[in-house]
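So the structure is just underneath, and the comments pick up after that.
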Amino acid sequence: MATIAVAKPRRDWVGIVFALVLTVVIVVPMLVVVTWSVSNVWRFPSVLPQEFGFKFWQMTLARSDVWSALTMSLSLSAVVTALSALICLPAAYAFARMEFPARTLLFFSFLAGQAFPKFGLLVAIAAIFLQLNLIATFWGVVLIQLVGTLLFMIWIPVAAFQAVDRRMEEAARDAGAKPLRVFWSITLPQAAPTIGAAVLLSFVGTFYETEGAWLIGAPQIRTMPVLMISFINNQPVIQYAAVLSVLLWIPSLIALVFTRRVVNSGSFARGFGA
Amino acid sequence: MTARPVSWVQPSRRLTGLLLVAVPVLLFAWMTIWPILSGLTTALTPQQADGSRPLSFDNFVTFFSDPYSLANLGITLWTCLITLGLLLVICIPLALYLRFAQGRLATYVQTMAMFPMFVPSIILAFAFIRVLGPNGMADLLLNAVGLPKIRSPYLTPWGPVIGLVWDNIPLTVLILVSGLGAVSNQAVEAARDVGAKPLALFWHIILPRMWTSVAVVVSFTMLGLFASFTLPYVLGPASPEMMGPFMQRTFRDLRNPEMALTQATITMVFCIAFGLFYVRAVARNRGN
């Protein structure tokens with residue numbers, strides 16, 4: 001064994017240091033949150049909880065404000081994602097496949113929102129909503145979150161439609177298929193996985209959207225992240241917020257599983273201007 | 001697309017294309033371009049006692065002569081600069097390691113560095129308080145080995161800095177690693193062959209090829225930090241406060257939209273150079 005170890009290239013010390021530091025800084029805080037959510041009693045100065053258990057899961061899940069926030073978040077995310085898909089996917093198809101005046105200009109116009117600090121833009125939108133009586137309404141929050149999904153619900157599907165093999169479409173058309181039939185049977189199945197990722201990102205992104213919901217929706221519209229803020233600021237029982245954190249995290253973990261390959265690819269970083 | 005002349009496209013089809021993109025384009029214009037113009041107009045035409053709105057810089061004079069507003073702008077700039085500095089100091093070595101290392105350990109480091117992307121800010125804020133807050137995990141561990149408690153960064157200006165650095169590590173690393181793709185292995189090996197030390201290698205070969213991605217990171221982070229709300233609101237001090245919570249409080253609690261719009265305009269003006277640079281970088285990549 002010793003001779004093999006000597007023959008190996010030198011140990012990756014830099015990597016070991018990075019791995020250790022990142023594990024402590026990134027994994028430990030998350031473990032602390034999970035531990036808090038399964039501790040019935042954890043008093044200072046014990047390093048571990050005095051009593052483990054799911055008492056606070058039952059108590060948190062029995063709270064009506066948690067259920068109404070969860071329902072609110074899920075219905076907001078569903079409505080925003082559905083509306084976004086309804087208006088963005090046809091537009092994405094048009095951008096990818098049709099010729100019309102000012103196509104490039106309109107396509108890049110969606111970037112304009114990225115040139116401004118987002119919260120400043122939100123305040124400017126809120127001032128307009130104030131005149132329209134959209135503050136503290138469900139549809140006000142839907143609108144503000146819908147705008148947040150436009151950029152990637154158009155740009156990602158455009159890339160998907162552009163990647164579809166045109167020769168297969170032409171072959172189907174030569175065989176006598178009608179345009180709509182070509183779209184359903186050839187174009188859509190090929191573009192579907194990428195479009196699905198965009199829809200999932202839109203749903204999860206809307207689920208966690210905090211700032212628009214807080215600025216426009218409060219106090220009537222209370223989503224899960226907004227409830228979490230009030231738990232952090234006003235709730236003396238730590239476990240409630242801990243259980244809510246773990247609950248709140250589930251959609252993100254689902255997104256992690258499905259989009260990991262997309263995130264690790266170079267094209268994702270290029271989307272941010274790298 | 002060059003294969004077919006444009007005249008092949010029938011006029012009715014051109015109209016269909018325009019109609020299909022009309023809804024998102026108009027919605028976007030109404031919710032982005034219009035609010036910015038309208039906000040700027042409102043900030044520049046303060047309402048007088050008689051209800052008239054003459055053009056004047058009064059709102060901006062009020063902002064820049066108010067010590068509290070200036071302190072808030074100052075703490076925002078301080079937070080931006082410190083966070084940006086820390087991000088570059090942490091992420092440039094990390095990105096260099098990920099660019100040149102291979103194997104399972106490198107994959108693990110990359111997974112760890114990407115992980116914060118999947119932790120919503122609000123959960124991060126709670127975890128921060130439970131670890132670094134009063135009687136948090138850090139205090140528990142120090143106490144267990146008989147050491148004094150930490151001076152908690154919670155509710156100090158360092159609170160948002162730590163949270164924002166943690167939150168921004170994944171995208172910063174991604175952008176820098178992507179930028180390091182421009183450094184070819186041959187260039188590095190050639191420099192090593194002639195005996196270049198690691199520092200000289202970094203300074204003369206790698207750094208000149210990294211500037212663009214560093215500039216993208218700087219503008220992306222500045223925009224994000226100037227616009228941050230959740231982490232400064234939950235982790236930062238109540239006074240002075242960063243521009244995000246300040247605008248929110250002016251708008252909702254003080255019910256003064258005109259002043260909130262003035263503050264929003266000022267943050268936009270501070271970011272305009274970074275914003276334009278960033279948008280140009282994204283558009284250039286997409287155009288290729």
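Labels used: A, B, ... for chains in the order of the structure tokens, numbers from 1 for residues in each chain, and numbers from 1 for ligands as shown.
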Please build the interface table for chain A against chain B with a cut-off of 6 Å, listing for each qualifying residue the nearest atom pair and the distance in Å to one decimal; count only C-alpha atoms, order rows by chain and increasing number, and write it as CSV.
residue,atom,partner,partner_atom,distance
A:Ala19,CA,B:Val109,CA,5.3
A:Pro29,CA,B:Ala127,CA,5.4
A:Val33,CA,B:Ala127,CA,5.8
A:Pro45,CA,B:Leu140,CA,5.8
A:Val47,CA,B:Leu140,CA,5.6
A:Pro90,CA,B:Leu20,CA,5.9
A:Ala91,CA,B:Val21,CA,4.3
A:Ala94,CA,B:Gly17,CA,5.2
A:Met98,CA,B:Gly17,CA,5.8
A:Glu99,CA,B:Arg14,CA,5.9
A:Phe100,CA,B:Arg14,CA,4.6
A:Ala115,CA,B:Gly275,CA,3.8
A:Phe116,CA,B:Met268,CA,5.8
A:Pro117,CA,B:Ala227,CA,4.6
A:Lys118,CA,B:Ala227,CA,5.2
A:Phe119,CA,B:Ala227,CA,4.7
A:Gly120,CA,B:Ala264,CA,4.4
A:Ala124,CA,B:Pro35,CA,5.1
A:Ile125,CA,B:Pro35,CA,5.3
A:Ser245,CA,B:Ile123,CA,5.6
A:Ser252,CA,B:Phe118,CA,5.7
A:Ala269,CA,B:Ile175,CA,5.5
A:Gly273,CA,B:Val282,CA,4.0
A:Ala274,CA,B:Ile175,CA,4.6
What's the 8 Å shell around Ala213 of chain A, counting only C-alpha atoms, without same-chain residues fewer than 6 positions away, as number ranges by chain? A: 141, 145, 221-223, 226
Quick one, how far is atom CA of Leu151 of chain A from atom CA of Phe110 of chain A?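 Distance reported for this atom pair: 5.8 Å.
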Give me every helix (DSSP H, G or I) residue in segment 45-217 of chain A, going by DSSP on the backbone, as a PyMOL selection string. chain A and resi 55-61+64-97+103-115+118-131+138-163+166-174+179-208+211-217
Quick one: distance from atom CA of Asn59 of chain B to atom CA of Ala43 of chain B in Å, one decimal?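 That distance, rounded to one decimal, is 6.4 Å.
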Contacts of Thr45 of chain B within 8 Å, only C-alpha atoms, excl. fewer than 2 positions in-chain, as a ChimeraX atom specification: /B:41-43,47,53-57
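Take atom CA of Gly53 of chain A and atom CA of Leu31 of chain A: the distance between them is 15.6 Å.
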